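Before any comments, here is the structure.
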Amino acid sequence: MLEPRKKETVIQIFAPMSGTVVAMAQVDDPIFSQEMLGKGVAIRPTDGRVTSPVTGTVSQMFDTGHAVALTSDDGVEILIHVGLDTVTLKGVHYTAYAKQGDKVSIGDILIECDLDAISASGFDTITPVAICNSDDFASFHMPTGNLICAGDEMMRLTKAT
């Protein structure tokens with residue numbers, strides 16, 4: 001007897017920032033480069049505006065405004081971390097526009113930051129975008145090396161249902 005074919009659901013994740021998409025392995029932080037928080041990509045940003053890459057809910061907005069976690073309506077858990085070790089800036093150069101529990105749509109502004117000031121303070125502004133529940137997905141399409149604008153498709157995940 002043949003097994004029923006599993007239905008696959010394709011989920012799009014849009015770019016939260018404009019910049020160049022790079023492989024997570026190029027992030028100079030083992031938490032991200034070794035994908036300890038999940039698979040994903042990073043953006044070398046050209047603009048300090050962070051927008052929602054999905055329609056969903058803000059799971060956590062860090063008090064410092066340097067990172068935000070979202071859960072999409074499709075069940076994708078996403079962490080956007082603006083810069084490396086930037087928690088030590090204690091919110092300087094960051095403004096958060098969303099809070100935990102907020103419903104967001106693709107393109108809604110979440111955070112604004114001053115990339116030049118962050119860099120001048122000695123911090124790398126590379127922005128990892130990690131899928132924290134990566135094990136829930138059968139495949140990932142995450143092209144790198146491309147210039148991308150906020151709101152462009154950045155990742156495509158496939159979930160067997």
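Ligands are numbered from 1 in the order shown, residues from 1 within each chain, and chains are lettered A, B, ... in the order they appear in the structure tokens.
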
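Within region 36-79 of chain A, residues classed as strand (DSSP E or B) by DSSP on backbone coordinates are Lys39, Gly40, Val41, Ala42, Ile43, Arg44, Pro45, Arg49, Val50, Thr51, Gly56, Thr57, Val58, Ser59, Gln60, Met61, Ala67, Val68, Ala69, Leu70, Thr71, Ser72, Glu77, Ile78 and Leu79 of chain A.
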
#### Entry: Distance query Asp108 (chain A) at most 12 Å, only C-alpha atoms, self and fewer than 5 positions along chain excluded, as number ranges by chain
A: 14-17, 49-58, 96-98, 102-103, 150-151

Would you write out, as CSV, a table of all residues in region 23-68 of chain A that have an atom no more than 10 Å from an atom of region 124-145 of chain A, listing for each the closest atom pair and the distance in Å to one decimal, considering only C-alpha atoms and ordering rows by chain and rising residue number?
residue,atom,partner,partner_atom,distance
A:Ala23,CA,A:Thr144,CA,6.0
A:Met24,CA,A:Pro128,CA,7.0
A:Gln26,CA,A:Ile126,CA,9.6
A:Val27,CA,A:Ile126,CA,7.3
A:Asp28,CA,A:Asp124,CA,8.9
A:Asp29,CA,A:Pro128,CA,9.9
A:Phe32,CA,A:Pro128,CA,7.0
A:Ser33,CA,A:Pro128,CA,9.1
A:Glu35,CA,A:Ala130,CA,7.9
A:Met36,CA,A:Cys132,CA,8.7
A:Leu37,CA,A:Cys132,CA,5.4
A:Gly38,CA,A:Cys132,CA,4.6
A:Lys39,CA,A:Ile131,CA,5.5
A:Gly40,CA,A:Ala130,CA,4.5
A:Val41,CA,A:Val129,CA,5.6
A:Ala42,CA,A:Pro128,CA,4.0
A:Ile43,CA,A:Thr127,CA,5.1
A:Arg44,CA,A:Ile126,CA,4.7
A:Pro45,CA,A:Ile126,CA,6.5
A:Thr46,CA,A:Thr125,CA,9.5
A:Gly48,CA,A:Thr125,CA,9.3
A:Val50,CA,A:Thr127,CA,9.9
A:Pro53,CA,A:Val129,CA,9.7
A:His66,CA,A:Thr127,CA,9.8
A:Ala67,CA,A:Thr127,CA,9.3
A:Val68,CA,A:Val129,CA,9.9

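Remark: for Ile31 (chain A), the closest of the candidate residues A:Leu84, A:Ala117, A:Ile106, A:Met155 is A:Leu84 (distances computed over only C-alpha atoms).
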
### Task
Would you mind listing what lies within 10 Å of Asn146 (chain A) as a PyMOL selection string, with only C-alpha atoms counted and same-chain residues fewer than 6 positions away left out?
chain A and resi 19-22+43+154

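The neighbours of Gln60 (chain A) here are the residues that come within 9 Å of it, using only C-alpha atoms and leaving out any residue fewer than 4 positions away in the same chain; they are Ala67, Val68, Ala69, Leu70, Lys99, Gln100 and Gly101 of chain A.
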
### Atomic distance CA of Thr71 (chain A) - CA of Ile118 (chain A), expressed in Å with one decimal
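Taking CA of Thr71 (chain A) as the start and CA of Ile118 (chain A) as the end point, the length is 27.0 Å.
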
### Message
I need the residue nearest Phe62 (chain A) from this list: A:Pro30, A:Gly107, A:Gly91, A:Gly122. Use only C-alpha atoms for the distance.
### Response
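Comparing A:Pro30, A:Gly107, A:Gly91, A:Gly122 against Phe62 (chain A), the winner is A:Gly91.
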
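Reported to one decimal place, the separation of CA of Leu157 (chain A) from CA of Ser18 (chain A) is 20.4 Å.
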